[in-house]
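S.K.: The structure file data.pdb (PDB, C-alpha atoms) is provided below.
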ATOM      1  CA  MET Z   3      12.908 -37.013  38.921
ATOM      2  CA  LYS Z   4      10.680 -33.961  39.004
ATOM      3  CA  TYR Z   5      13.476 -31.727  37.778
ATOM      4  CA  ILE Z   6      14.342 -34.180  34.989
ATOM      5  CA  LEU Z   7      10.737 -34.111  33.757
ATOM      6  CA  ILE Z   8      10.738 -30.304  33.804
ATOM      7  CA  LEU Z   9      13.971 -30.280  31.817
ATOM      8  CA  LEU Z  10      12.578 -32.734  29.253
ATOM      9  CA  ALA Z  11       9.415 -30.643  28.868
ATOM     10  CA  ALA Z  12      11.514 -27.550  28.273
ATOM     11  CA  LEU Z  13      13.613 -29.312  25.647
ATOM     12  CA  ILE Z  14      10.499 -30.602  23.868
ATOM     13  CA  SER Z  15       9.004 -27.109  23.955
ATOM     14  CA  GLN Z  16      12.160 -25.603  22.487
ATOM     15  CA  GLY Z  17      12.205 -28.281  19.802
ATOM     16  CA  GLN Z  18       8.610 -27.519  18.886
ATOM     17  CA  MET Z  19       9.385 -23.816  18.731
ATOM     18  CA  GLY Z  20      12.268 -24.592  16.420
ATOM     19  CA  VAL Z  21       9.898 -26.475  14.112
ATOM     20  CA  ASP Z  22       7.406 -23.618  14.110
ATOM     21  CA  ALA Z  23      10.134 -21.096  13.367
ATOM     22  CA  LYS Z  24      11.673 -23.141  10.532
ATOM     23  CA  GLU Z  25      13.338 -20.913   7.985
ATOM     24  CA  LEU Z  26      12.292 -21.182   4.360
ATOM     25  CA  SER Z  27      14.863 -21.560   1.620
ATOM     26  CA  PRO Z  28      15.424 -18.640  -0.780
ATOM     27  CA  ARG Z  29      13.701 -20.702  -3.475
ATOM     28  CA  GLU Z  30      10.641 -21.291  -1.283
ATOM     29  CA  ILE Z  31      10.472 -17.596  -0.384
ATOM     30  CA  TYR Z  32      10.784 -16.558  -4.026
ATOM     31  CA  GLU Z  33       8.055 -18.942  -5.176
ATOM     32  CA  MET Z  34       5.758 -17.697  -2.409
ATOM     33  CA  THR Z  35       6.312 -13.932  -2.706
ATOM     34  CA  SER Z  36       7.530 -13.024  -6.209
ATOM     35  CA  PRO Z  37       4.035 -13.164  -7.831
ATOM     36  CA  ALA Z  38       3.135 -10.166  -5.633
ATOM     37  CA  VAL Z  39       6.160  -8.135  -6.827
ATOM     38  CA  VAL Z  40       5.623  -5.748  -9.755
ATOM     39  CA  MET Z  41       7.575  -3.359 -11.947
ATOM     40  CA  VAL Z  42       6.478   0.298 -11.806
ATOM     41  CA  MET Z  43       7.165   2.936 -14.487
ATOM     42  CA  GLY Z  44       6.374   6.667 -14.485
ATOM     43  CA  HIS Z  45       5.921   8.527 -17.773
ATOM     44  CA  PRO Z  46       6.040  12.289 -18.527
ATOM     45  CA  ASP Z  47       3.815  14.081 -21.069
ATOM     46  CA  SER Z  48       6.761  14.646 -23.400
ATOM     47  CA  GLY Z  49       7.215  10.955 -24.055
ATOM     48  CA  LYS Z  50      10.891  11.270 -23.177
ATOM     49  CA  GLY Z  51      12.582   9.882 -20.109
ATOM     50  CA  GLY Z  52      10.710   8.654 -17.073
ATOM     51  CA  THR Z  53      11.645   6.406 -14.174
ATOM     52  CA  GLY Z  54      11.132   2.832 -13.124
ATOM     53  CA  GLY Z  55      11.183   0.818  -9.953
ATOM     54  CA  THR Z  56       9.743  -2.106  -8.057
ATOM     55  CA  GLY Z  57       6.586  -2.384  -6.000
ATOM     56  CA  SER Z  58       4.708  -4.868  -3.819
ATOM     57  CA  ILE Z  59       1.012  -5.759  -3.986
ATOM     58  CA  ILE Z  60      -0.240  -5.457  -0.403
ATOM     59  CA  GLN Z  61      -3.997  -5.793  -1.060
ATOM     60  CA  ALA Z  62      -5.705  -8.318  -3.297
ATOM     61  CA  ASP Z  63      -7.739  -5.607  -5.037
ATOM     62  CA  GLY Z  64      -4.573  -4.037  -6.483
ATOM     63  CA  VAL Z  65      -3.000  -1.728  -3.870
ATOM     64  CA  VAL Z  66       0.746  -1.387  -4.485
ATOM     65  CA  LEU Z  67       3.422  -0.002  -2.146
ATOM     66  CA  THR Z  68       6.588   1.513  -3.660
ATOM     67  CA  ASN Z  69       9.031   4.423  -3.287
ATOM     68  CA  ALA Z  70       7.905   8.002  -3.893
ATOM     69  CA  HIS Z  71      10.905   8.745  -6.109
ATOM     70  CA  VAL Z  72       9.743   6.012  -8.495
ATOM     71  CA  VAL Z  73       6.530   7.938  -9.278
ATOM     72  CA  LEU Z  74       7.810  11.539  -8.994
ATOM     73  CA  GLU Z  75       9.603  13.464 -11.726
ATOM     74  CA  GLU Z  76      13.024  14.423 -10.403
ATOM     75  CA  LYS Z  77      13.168  17.883 -12.023
ATOM     76  CA  THR Z  78       9.720  19.066 -10.943
ATOM     77  CA  GLY Z  79       9.067  16.934  -7.855
ATOM     78  CA  LYS Z  80       5.546  16.344  -9.189
ATOM     79  CA  PRO Z  81       3.879  12.983  -9.863
ATOM     80  CA  TYR Z  82       4.150  11.564 -13.357
ATOM     81  CA  PRO Z  83       0.870  11.937 -15.284
ATOM     82  CA  ARG Z  84       0.895   8.253 -16.267
ATOM     83  CA  LEU Z  85       1.943   5.183 -14.323
ATOM     84  CA  SER Z  86       2.363   1.693 -15.774
ATOM     85  CA  VAL Z  87       2.604  -1.413 -13.622
ATOM     86  CA  PHE Z  88       3.735  -4.795 -14.913
ATOM     87  CA  LEU Z  89       2.630  -8.059 -13.291
ATOM     88  CA  LYS Z  90       4.999 -10.994 -13.038
ATOM     89  CA  PRO Z  91       4.670 -13.686 -15.701
ATOM     90  CA  ALA Z  92       4.396 -17.361 -14.806
ATOM     91  CA  ARG Z  93       8.042 -17.725 -15.815
ATOM     92  CA  VAL Z  94      10.651 -15.003 -16.320
ATOM     93  CA  SER Z  95      12.467 -15.834 -19.556
ATOM     94  CA  GLY Z  96      14.768 -12.854 -20.100
ATOM     95  CA  ASP Z  97      12.714 -11.723 -23.108
ATOM     96  CA  THR Z  98      11.470  -8.312 -21.952
ATOM     97  CA  LYS Z  99       8.570  -8.252 -24.443
ATOM     98  CA  ALA Z 100       7.221 -11.494 -23.018
ATOM     99  CA  ASP Z 101       8.154 -10.790 -19.406
ATOM    100  CA  LEU Z 102       6.490  -7.352 -19.488
ATOM    101  CA  ALA Z 103       3.378  -8.358 -21.405
ATOM    102  CA  ARG Z 104       0.991  -8.012 -18.456
ATOM    103  CA  MET Z 105       0.743  -4.220 -18.210
ATOM    104  CA  VAL Z 106      -1.957  -2.338 -16.311
ATOM    105  CA  ARG Z 107      -2.467   1.348 -15.541
ATOM    106  CA  ALA Z 108      -2.258   2.679 -11.995
ATOM    107  CA  GLN Z 109      -3.392   5.785 -10.117
ATOM    108  CA  LEU Z 110      -1.276   7.441  -7.438
ATOM    109  CA  VAL Z 111      -3.224   7.490  -4.168
ATOM    110  CA  ALA Z 112      -0.758   9.203  -1.810
ATOM    111  CA  TYR Z 113       2.959   9.783  -1.366
ATOM    112  CA  SER Z 114       5.454  11.038   1.220
ATOM    113  CA  VAL Z 115       8.748  12.551   0.081
ATOM    114  CA  PRO Z 116      10.415  12.436   3.547
ATOM    115  CA  LEU Z 117       9.605   8.734   3.982
ATOM    116  CA  ASP Z 118      10.045   8.037   0.254
ATOM    117  CA  LEU Z 119       6.811   6.055   0.153
ATOM    118  CA  ALA Z 120       3.958   5.952  -2.350
ATOM    119  CA  VAL Z 121       0.811   3.888  -2.612
ATOM    120  CA  LEU Z 122      -0.832   3.113  -5.971
ATOM    121  CA  LYS Z 123      -4.136   1.547  -7.038
ATOM    122  CA  LEU Z 124      -4.171  -0.685 -10.099
ATOM    123  CA  GLU Z 125      -6.941  -0.251 -12.650
ATOM    124  CA  GLY Z 126      -8.880  -2.911 -14.491
ATOM    125  CA  VAL Z 127      -7.417  -5.939 -12.737
ATOM    126  CA  ALA Z 128      -9.323  -9.068 -11.864
ATOM    127  CA  ALA Z 129      -9.113  -9.608  -8.101
ATOM    128  CA  PRO Z 130      -7.869 -11.336  -6.134
ATOM    129  CA  LEU Z 131      -4.257 -10.634  -6.977
ATOM    130  CA  PRO Z 132      -1.380 -12.334  -5.133
ATOM    131  CA  VAL Z 133      -0.380 -10.424  -2.004
ATOM    132  CA  ILE Z 134       2.801 -10.140   0.039
ATOM    133  CA  ASP Z 135       2.471 -10.001   3.819
ATOM    134  CA  LEU Z 136       3.647  -6.609   5.114
ATOM    135  CA  SER Z 137       4.810  -7.833   8.495
ATOM    136  CA  ASP Z 138       6.128  -6.376  11.742
ATOM    137  CA  SER Z 139       9.813  -5.478  11.382
ATOM    138  CA  ASP Z 140      10.276  -5.167  15.159
ATOM    139  CA  ARG Z 141      11.009  -8.906  15.339
ATOM    140  CA  THR Z 142      13.900  -8.641  12.862
ATOM    141  CA  GLN Z 143      17.398  -8.319  14.302
ATOM    142  CA  ILE Z 144      20.934  -7.759  13.058
ATOM    143  CA  GLY Z 145      22.254 -10.954  11.530
ATOM    144  CA  ASP Z 146      18.862 -12.248  10.357
ATOM    145  CA  ARG Z 147      18.748 -13.567   6.793
ATOM    146  CA  VAL Z 148      16.830 -11.523   4.226
ATOM    147  CA  ILE Z 149      16.186 -11.550   0.498
ATOM    148  CA  ALA Z 150      15.257  -8.813  -1.972
ATOM    149  CA  ILE Z 151      13.294  -9.079  -5.218
ATOM    150  CA  GLY Z 152      13.440  -6.410  -7.911
ATOM    151  CA  HIS Z 153      14.665  -5.358 -11.339
ATOM    152  CA  PRO Z 154      18.317  -4.225 -11.064
ATOM    153  CA  GLU Z 155      19.583  -2.498 -14.203
ATOM    154  CA  GLN Z 156      21.797  -4.604 -16.452
ATOM    155  CA  GLY Z 157      20.470  -7.628 -14.624
ATOM    156  CA  GLY Z 158      17.281  -9.637 -14.886
ATOM    157  CA  LEU Z 159      13.664  -8.837 -14.174
ATOM    158  CA  TRP Z 160      12.296 -10.188 -10.886
ATOM    159  CA  THR Z 161      15.834 -10.846  -9.649
ATOM    160  CA  LEU Z 162      16.400 -12.462  -6.237
ATOM    161  CA  THR Z 163      19.358 -11.429  -4.074
ATOM    162  CA  THR Z 164      20.209 -12.618  -0.570
ATOM    163  CA  GLY Z 165      22.019 -11.282   2.478
ATOM    164  CA  VAL Z 166      21.569 -10.378   6.121
ATOM    165  CA  VAL Z 167      20.513  -7.366   8.132
ATOM    166  CA  SER Z 168      23.787  -5.538   8.777
ATOM    167  CA  ALA Z 169      22.654  -2.664  11.022
ATOM    168  CA  GLU Z 170      19.696  -0.566  12.133
ATOM    169  CA  VAL Z 171      19.554   3.207  11.716
ATOM    170  CA  ASP Z 172      16.929   5.410  13.377
ATOM    171  CA  ASN Z 173      15.879   8.773  11.920
ATOM    172  CA  PHE Z 174      17.704   8.047   8.667
ATOM    173  CA  ASN Z 175      19.234  11.159   7.030
ATOM    174  CA  GLY Z 176      17.831  13.291   9.855
ATOM    175  CA  VAL Z 177      14.165  12.463   9.131
ATOM    176  CA  LYS Z 178      12.416  11.785  12.420
ATOM    177  CA  GLY Z 179      10.621   8.459  12.402
ATOM    178  CA  LYS Z 180      12.376   7.207   9.262
ATOM    179  CA  HIS Z 181      13.859   4.014  10.672
ATOM    180  CA  VAL Z 182      15.750   1.723   8.308
ATOM    181  CA  PHE Z 183      17.631  -1.532   8.084
ATOM    182  CA  GLN Z 184      21.066  -1.597   6.526
ATOM    183  CA  THR Z 185      21.619  -4.734   4.479
ATOM    184  CA  GLU Z 186      24.295  -6.236   2.292
ATOM    185  CA  ALA Z 187      21.741  -7.972   0.067
ATOM    186  CA  GLY Z 188      22.558  -6.875  -3.480
ATOM    187  CA  LEU Z 189      20.496  -3.808  -4.439
ATOM    188  CA  ASN Z 190      20.913  -1.554  -7.471
ATOM    189  CA  ARG Z 191      18.976   1.070  -9.378
ATOM    190  CA  GLY Z 192      15.806  -0.734 -10.290
ATOM    191  CA  ASN Z 193      15.337  -2.386  -6.876
ATOM    192  CA  SER Z 194      13.908   0.788  -5.342
ATOM    193  CA  GLY Z 195      10.459   0.319  -3.842
ATOM    194  CA  GLY Z 196      10.766  -3.454  -3.786
ATOM    195  CA  PRO Z 197      10.383  -5.750  -0.782
ATOM    196  CA  LEU Z 198      12.988  -6.814   1.740
ATOM    197  CA  ILE Z 199      11.759 -10.216   2.946
ATOM    198  CA  ASP Z 200      12.664 -12.233   6.034
ATOM    199  CA  SER Z 201      13.333 -15.968   6.204
ATOM    200  CA  GLY Z 202       9.666 -16.643   6.913
ATOM    201  CA  GLY Z 203       8.526 -15.023   3.681
ATOM    202  CA  HIS Z 204       7.264 -11.804   5.312
ATOM    203  CA  MET Z 205       8.012  -8.314   3.958
ATOM    204  CA  ILE Z 206       9.913  -6.423   6.651
ATOM    205  CA  GLY Z 207      11.225  -3.479   4.619
ATOM    206  CA  VAL Z 208      10.912  -1.315   1.499
ATOM    207  CA  ASN Z 209      14.216  -1.089  -0.372
ATOM    208  CA  THR Z 210      14.993   2.607  -0.517
ATOM    209  CA  ALA Z 211      18.623   3.698  -0.857
ATOM    210  CA  ILE Z 212      22.052   2.513  -1.917
ATOM    211  CA  ALA Z 213      25.515   3.871  -1.166
ATOM    212  CA  ARG Z 214      28.087   3.417  -3.905
ATOM    213  CA  VAL Z 215      30.665   6.232  -3.504
ATOM    214  CA  ALA Z 216      32.246   7.634  -0.338
ATOM    215  CA  SER Z 217      32.921  11.347   0.189
ATOM    216  CA  ASP Z 218      36.524  10.838  -0.975
ATOM    217  CA  GLY Z 219      35.418   9.115  -4.162
ATOM    218  CA  MET Z 220      36.255   5.604  -3.037
ATOM    219  CA  PRO Z 221      33.737   2.937  -4.107
ATOM    220  CA  ILE Z 222      31.395   1.453  -1.514
ATOM    221  CA  ALA Z 223      29.966  -2.055  -1.737
ATOM    222  CA  SER Z 224      27.152  -3.875   0.070
ATOM    223  CA  ILE Z 225      25.681  -0.811   1.798
ATOM    224  CA  SER Z 226      21.959  -0.577   1.113
ATOM    225  CA  PHE Z 227      19.007   0.655   3.140
ATOM    226  CA  SER Z 228      15.408  -0.484   3.527
ATOM    227  CA  LEU Z 229      12.658   1.443   5.293
ATOM    228  CA  LYS Z 230      11.287  -0.694   8.114
ATOM    229  CA  SER Z 231       7.862  -2.185   7.481
ATOM    230  CA  THR Z 232       6.595  -0.906  10.835
ATOM    231  CA  VAL Z 233       7.098   2.660   9.567
ATOM    232  CA  ALA Z 234       5.399   1.833   6.264
ATOM    233  CA  ARG Z 235       2.467   0.173   8.053
ATOM    234  CA  GLN Z 236       1.891   3.235  10.220
ATOM    235  CA  TRP Z 237       2.004   5.554   7.205
ATOM    236  CA  LEU Z 238      -0.445   3.349   5.291
ATOM    237  CA  ARG Z 239      -2.834   3.367   8.222
ATOM    238  CA  GLU Z 240      -2.711   7.173   8.261
ATOM    239  CA  GLN Z 241      -3.736   7.075   4.595
ATOM    240  CA  ASN Z 242      -6.633   4.740   5.489
ATOM    241  CA  VAL Z 243      -4.898   1.941   3.609
ATOM    242  CA  ALA Z 244      -4.418  -1.336   5.454
ATOM    243  CA  SER Z 245      -2.422  -4.196   4.015
ATOM    244  CA  GLU Z 246      -3.682  -7.756   4.360
ATOM    245  CA  GLU Z 247      -3.820  -8.795   8.035
ATOM    246  CA  MET Z 248      -2.515  -5.491   9.403
ATOM    247  CA  PRO Z 249      -3.486  -5.379  13.101
ATOM    248  CA  ALA Z 250      -3.694  -2.131  15.017
ATOM    249  CA  SER Z 251      -1.054  -3.358  17.469
ATOM    250  CA  SER Z 252       2.628  -2.515  17.142
ATOM    251  CA  MET Z 253       1.842   0.758  15.353
ATOM    252  CA  VAL Z 254       3.939   3.794  16.205
ATOM    253  CA  ALA Z 255       2.951   7.402  16.713
ATOM    254  CA  PRO Z 256       2.479   9.641  13.639
ATOM    255  CA  THR Z 257       5.702  11.253  12.438
ATOM    256  CA  ARG Z 258       6.554  14.655  11.019
ATOM    257  CA  ALA Z 259       7.410  12.921   7.751
ATOM    258  CA  ALA Z 260       3.961  11.374   7.624
ATOM    259  CA  ALA Z 261       2.406  14.805   8.110
ATOM    260  CA  GLU Z 262       4.052  15.883   4.842
ATOM    261  CA  THR Z 263       2.130  13.288   2.874
ATOM    262  CA  PHE Z 264       0.350  14.292  -0.318
ATOM    263  CA  VAL Z 265      -3.001  12.645  -0.962
ATOM    264  CA  ILE Z 266      -4.010  12.538  -4.623
ATOM    265  CA  PRO Z 267      -7.749  13.093  -5.254
ATOM    266  CA  ALA Z 268      -9.398  10.481  -7.441
ATOM    267  CA  PRO Z 269      -9.849  11.759 -11.019
ATOM    268  CA  ALA Z 270     -13.399  12.555 -12.085
ATOM    269  CA  GLN Z 271     -12.753  11.136 -15.535
ATOM    270  CA  GLN Z 272      -9.996   9.014 -16.955
ATOM    271  CA  PRO Z 273      -8.274  10.772 -19.884
ATOM    272  CA  ILE Z 274      -7.457   7.420 -21.477
ATOM    273  CA  PRO Z 275      -9.737   4.361 -21.632
ATOM    274  CA  THR Z 276      -9.080   1.781 -18.938
ATOM    275  CA  PRO Z 277      -7.204  -1.239 -20.329
ATOM    276  CA  ARG Z 278      -8.805  -4.645 -20.591
ATOM    277  CA  PRO Z 279      -8.899  -6.506 -17.230
ATOM    278  CA  VAL Z 280      -5.941  -8.784 -16.561
ATOM    279  CA  ALA Z 281      -6.471 -12.053 -14.739
ATOM    280  CA  PRO Z 282      -3.971 -12.721 -11.937
ATOM    281  CA  ASN Z 283      -2.896 -16.081 -13.388
ATOM    282  CA  GLN Z 284      -3.008 -15.089 -17.026
ATOM    283  CA  ALA Z 285      -0.023 -16.120 -19.157
ATOM    284  CA  PRO Z 286       2.773 -13.477 -19.252
ATOM    285  CA  THR Z 287       1.701  -9.568 -19.548
ATOM    286  CA  PRO Z 288       5.062  -4.386 -19.640
ATOM    287  CA  LYS Z 289      13.489   2.122 -14.348
ATOM    288  CA  THR Z 290      13.645   0.642 -11.615
ATOM    289  CA  ALA Z 291      14.375   2.721  -8.777
ATOM    290  CA  ARG Z 292      17.271   5.004  -8.799
ATOM    291  CA  PRO Z 293      19.577   5.941  -5.945
ATOM    292  CA  GLU Z 294      17.273   7.338  -3.354
ATOM    293  CA  SER Z 295      19.191   9.098  -0.615
ATOM    294  CA  GLN Z 296      19.827  12.779  -1.385
ATOM    295  CA  ALA Z 297      22.164  13.255   1.553
ATOM    296  CA  MET Z 298      24.392  10.361   0.557
ATOM    297  CA  PRO Z 299      26.558  10.205  -2.581
ATOM    298  CA  VAL Z 300      25.077   7.382  -4.620
ATOM    299  CA  HIS Z 301      25.378   6.178  -8.161
ATOM    300  CA  PRO Z 302      24.345   3.071 -10.074
ATOM    301  CA  LEU Z 303      26.823   0.241  -9.987
ATOM    302  CA  ARG Z 304      28.436  -0.103 -13.424
ATOM    303  CA  THR Z 305      28.716  -3.615 -14.735
ATOM    304  CA  LEU Z 306      29.480  -5.198 -18.074
ATOM    305  CA  PRO Z 307      26.457  -6.125 -20.194
ATOM    306  CA  ALA Z 308      25.350  -9.661 -19.499
ATOM    307  CA  PRO Z 309      23.214 -12.096 -21.481
ATOM    308  CA  ARG Z 310      19.508 -11.435 -21.007
ATOM    309  CA  ALA Z 311      20.263  -8.135 -19.226
ATOM    310  CA  TYR Z 312      17.897  -5.266 -19.882
ATOM    311  CA  ASN Z 313      18.731  -1.569 -20.202
ATOM    312  CA  LEU Z 314      16.586   0.289 -17.696
ATOM    313  CA  ASP Z 315      16.762   3.750 -19.255
ATOM    314  CA  GLU Z 316      16.106   2.382 -22.735
ATOM    315  CA  LEU Z 317      13.157   0.346 -21.528
ATOM    316  CA  VAL Z 318      11.600   3.296 -19.702
ATOM    317  CA  SER Z 319      12.127   5.645 -22.664
ATOM    318  CA  GLU Z 320      10.524   3.191 -25.086
ATOM    319  CA  ARG Z 321       7.506   2.805 -22.837
ATOM    320  CA  SER Z 322       7.196   6.581 -22.325
ATOM    321  CA  LYS Z 323       7.221   7.142 -26.095
ATOM    322  CA  ALA Z 324       4.550   4.475 -26.531
ATOM    323  CA  GLU Z 325       2.400   6.194 -23.886
ATOM    324  CA  ALA Z 326       2.788   9.586 -25.608
ATOM    325  CA  ASP Z 327       1.966   8.071 -29.019
ATOM    326  CA  LEU Z 328      -1.162   6.462 -27.554
ATOM    327  CA  ASP Z 329      -2.296   9.784 -26.065
ATOM    328  CA  GLY Z 330      -1.727  11.500 -29.408
ATOM    329  CA  MET Z 331      -3.718   8.871 -31.255
ATOM    330  CA  ILE Z 332      -6.632   9.113 -28.803
ATOM    331  CA  SER Z 333      -6.667  12.937 -29.035
ATOM    332  CA  GLU Z 334      -6.712  12.729 -32.827
ATOM    333  CA  MET Z 335      -9.598  10.252 -32.766
ATOM    334  CA  ARG Z 336     -11.591  12.475 -30.419
ATOM    335  CA  GLY Z 337     -10.973  15.457 -32.688
ATOM    336  CA  ARG Z 338     -12.298  13.590 -35.699
ATOM    337  CA  MET Z 339     -15.395  12.526 -33.802
ATOM    338  CA  LYS Z 340     -16.133  16.151 -32.874
ATOM    339  CA  GLU Z 341     -15.764  17.247 -36.514
ATOM    340  CA  ARG Z 342     -18.445  14.769 -37.505
TER     341      ARG Z 342
END
Output the file's structure as structure tokens, nothing else.
M.R.:
Amino acid sequence: MKYILILLAALISQGQMGVDAKELSPREIYEMTSPAVVMVMGHPDSGKGGTGGTGSIIQADGVVLTNAHVVLEEKTGKPYPRLSVFLKPARVSGDTKADLARMVRAQLVAYSVPLDLAVLKLEGVAAPLPVIDLSDSDRTQIGDRVIAIGHPEQGGLWTLTTGVVSAEVDNFNGVKGKHVFQTEAGLNRGNSGGPLIDSGGHMIGVNTAIARVASDGMPIASISFSLKSTVARQWLREQNVASEEMPASSMVAPTRAAAETFVIPAPAQQPIPTPRPVAPNQAPTPKTARPESQAMPVHPLRTLPAPRAYNLDELVSERSKAEADLDGMISEMRGRMKER
């Protein structure tokens, strides 16, 4: 009888654990986390070109985590002089003007090229903003379900894709401490810097690289890589940036890649007036990341234009031109004021 009671207690305990560990549906995860996902654009002085990507709000006062290559100019390797971040509307309609109406400026706080990480601070936003939980990726294993949210080119803004963790790779591309998940969740240029989320709604990776062409030219499908959140958490702590509920436990030792981090000093004066504050629940307010791995042949997946699809390069170029025109107008106004 004693052994039967022990067995029943164990079964009840396992049942309770199963309830506690209940997986959320992709819809539930999207509704819970997508408000904390943003679009990030970098703009050059020339008003031509630029890049775009995805980011995640990890602090309610407007701290955003993304990829370094989203905010760095590819030719120079230097940060873009202007960064625009777009907050998610209440409903994504496919109309880019409406979907990207909630635009705010951002300042680059720090970035690491080896880890391909960057942290931004939004300006003029009304806190608290929605936040995504940057969790501990050590609990995630091969075969676990994951979802990604981002802005894949020729697709839709704030797109959800699903898959599983396919493999784990330590010291990715020879960078010590750069540990990644491989996943077959659909990622494309425009997803870079966005969150990889587990079935509990926790961010366990930063989507970083895609493989699309093998060395012999053959196409590759469903091979994408996400930097583990444990690595990102350690790097953020070294920058004195802590995401919501980031305990000191489970942190790893500093890496060589982290030592090559660039910290951006806060500007003494903003060259352009800070935009009007944006409330977190305000009605809708504007590429995404490109292939990230330099050691791996990558290229954007070509697809036929689809209804409601947006052109990433065109969108970034239009925004860069608008930024340059605004700077020119402000300079002209300042010149006239001095003449008076």
S.K.: Between atom CA of Z:Ile212 and atom CA of Z:Thr185, what distance in Å does the model show, to one decimal?
M.R.: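 Separation between atom CA of Z:Ile212 and atom CA of Z:Thr185: 9.7 Å.
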S.K.: Could you tell me how far atom CA of Z:Gly157 lies from atom CA of Z:His45, in Å and to one decimal?
M.R.: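 The value is 22.0 Å.
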S.K.: Nearest to Z:Ala187 among Z:Gln156, Z:Ser201, Z:Thr164, Z:Asn173, with distances taken over only C-alpha atoms: which residue is it?
M.R.: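 Among the listed residues, Z:Thr164 lies closest to Z:Ala187.
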S.K.: So, with all atoms listed in the file as the atoms that count, which of Z:Gly126, Z:Pro154, Z:Pro132, Z:Gly57 lies closest to Z:Gly188?
M.R.: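 Residue with the minimum atom-to-atom distance to Z:Gly188: Z:Pro154.
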S.K.: Can you spell out as a PDB file with C-alpha atoms, in the frame of the given file the set of residues that the PyMOL selection byres ((chain Z and resi 206) around 10) selects in the structure I just provided?
M.R.:
ATOM      1  CA  ASP Z 135       2.471 -10.001   3.819  1.00  0.00           C
ATOM      2  CA  LEU Z 136       3.647  -6.609   5.114  1.00  0.00           C
ATOM      3  CA  SER Z 137       4.810  -7.833   8.495  1.00  0.00           C
ATOM      4  CA  ASP Z 138       6.128  -6.376  11.742  1.00  0.00           C
ATOM      5  CA  SER Z 139       9.813  -5.478  11.382  1.00  0.00           C
ATOM      6  CA  ASP Z 140      10.276  -5.167  15.159  1.00  0.00           C
ATOM      7  CA  ARG Z 141      11.009  -8.906  15.339  1.00  0.00           C
ATOM      8  CA  THR Z 142      13.900  -8.641  12.862  1.00  0.00           C
ATOM      9  CA  VAL Z 148      16.830 -11.523   4.226  1.00  0.00           C
ATOM     10  CA  PHE Z 183      17.631  -1.532   8.084  1.00  0.00           C
ATOM     11  CA  PRO Z 197      10.383  -5.750  -0.782  1.00  0.00           C
ATOM     12  CA  LEU Z 198      12.988  -6.814   1.740  1.00  0.00           C
ATOM     13  CA  ILE Z 199      11.759 -10.216   2.946  1.00  0.00           C
ATOM     14  CA  ASP Z 200      12.664 -12.233   6.034  1.00  0.00           C
ATOM     15  CA  GLY Z 203       8.526 -15.023   3.681  1.00  0.00           C
ATOM     16  CA  HIS Z 204       7.264 -11.804   5.312  1.00  0.00           C
ATOM     17  CA  MET Z 205       8.012  -8.314   3.958  1.00  0.00           C
ATOM     18  CA  GLY Z 207      11.225  -3.479   4.619  1.00  0.00           C
ATOM     19  CA  VAL Z 208      10.912  -1.315   1.499  1.00  0.00           C
ATOM     20  CA  ASN Z 209      14.216  -1.089  -0.372  1.00  0.00           C
ATOM     21  CA  SER Z 228      15.408  -0.484   3.527  1.00  0.00           C
ATOM     22  CA  LEU Z 229      12.658   1.443   5.293  1.00  0.00           C
ATOM     23  CA  LYS Z 230      11.287  -0.694   8.114  1.00  0.00           C
ATOM     24  CA  SER Z 231       7.862  -2.185   7.481  1.00  0.00           C
ATOM     25  CA  THR Z 232       6.595  -0.906  10.835  1.00  0.00           C
ATOM     26  CA  VAL Z 233       7.098   2.660   9.567  1.00  0.00           C
ATOM     27  CA  ALA Z 234       5.399   1.833   6.264  1.00  0.00           C
TER      28      ALA Z 234
END
S.K.: Would you kindly return, as a PDB file with C-alpha atoms, in the coordinates of the input, each protein, DNA or RNA residue with an atom no farther than 12 Å from any atom of Z:Val243, considering all atoms listed in the file and excluding same-chain residues fewer than 3 positions away?
M.R.:
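Once written, out09.pdb looks like this:
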ATOM      1  CA  ILE Z  60      -0.240  -5.457  -0.403  1.00  0.00           C
ATOM      2  CA  GLN Z  61      -3.997  -5.793  -1.060  1.00  0.00           C
ATOM      3  CA  ASP Z  63      -7.739  -5.607  -5.037  1.00  0.00           C
ATOM      4  CA  GLY Z  64      -4.573  -4.037  -6.483  1.00  0.00           C
ATOM      5  CA  VAL Z  65      -3.000  -1.728  -3.870  1.00  0.00           C
ATOM      6  CA  VAL Z  66       0.746  -1.387  -4.485  1.00  0.00           C
ATOM      7  CA  LEU Z  67       3.422  -0.002  -2.146  1.00  0.00           C
ATOM      8  CA  VAL Z 111      -3.224   7.490  -4.168  1.00  0.00           C
ATOM      9  CA  ALA Z 112      -0.758   9.203  -1.810  1.00  0.00           C
ATOM     10  CA  ALA Z 120       3.958   5.952  -2.350  1.00  0.00           C
ATOM     11  CA  VAL Z 121       0.811   3.888  -2.612  1.00  0.00           C
ATOM     12  CA  LEU Z 122      -0.832   3.113  -5.971  1.00  0.00           C
ATOM     13  CA  LYS Z 123      -4.136   1.547  -7.038  1.00  0.00           C
ATOM     14  CA  ALA Z 234       5.399   1.833   6.264  1.00  0.00           C
ATOM     15  CA  ARG Z 235       2.467   0.173   8.053  1.00  0.00           C
ATOM     16  CA  GLN Z 236       1.891   3.235  10.220  1.00  0.00           C
ATOM     17  CA  TRP Z 237       2.004   5.554   7.205  1.00  0.00           C
ATOM     18  CA  LEU Z 238      -0.445   3.349   5.291  1.00  0.00           C
ATOM     19  CA  ARG Z 239      -2.834   3.367   8.222  1.00  0.00           C
ATOM     20  CA  GLU Z 240      -2.711   7.173   8.261  1.00  0.00           C
ATOM     21  CA  GLU Z 246      -3.682  -7.756   4.360  1.00  0.00           C
ATOM     22  CA  GLU Z 247      -3.820  -8.795   8.035  1.00  0.00           C
ATOM     23  CA  MET Z 248      -2.515  -5.491   9.403  1.00  0.00           C
ATOM     24  CA  VAL Z 265      -3.001  12.645  -0.962  1.00  0.00           C
TER      25      VAL Z 265
END
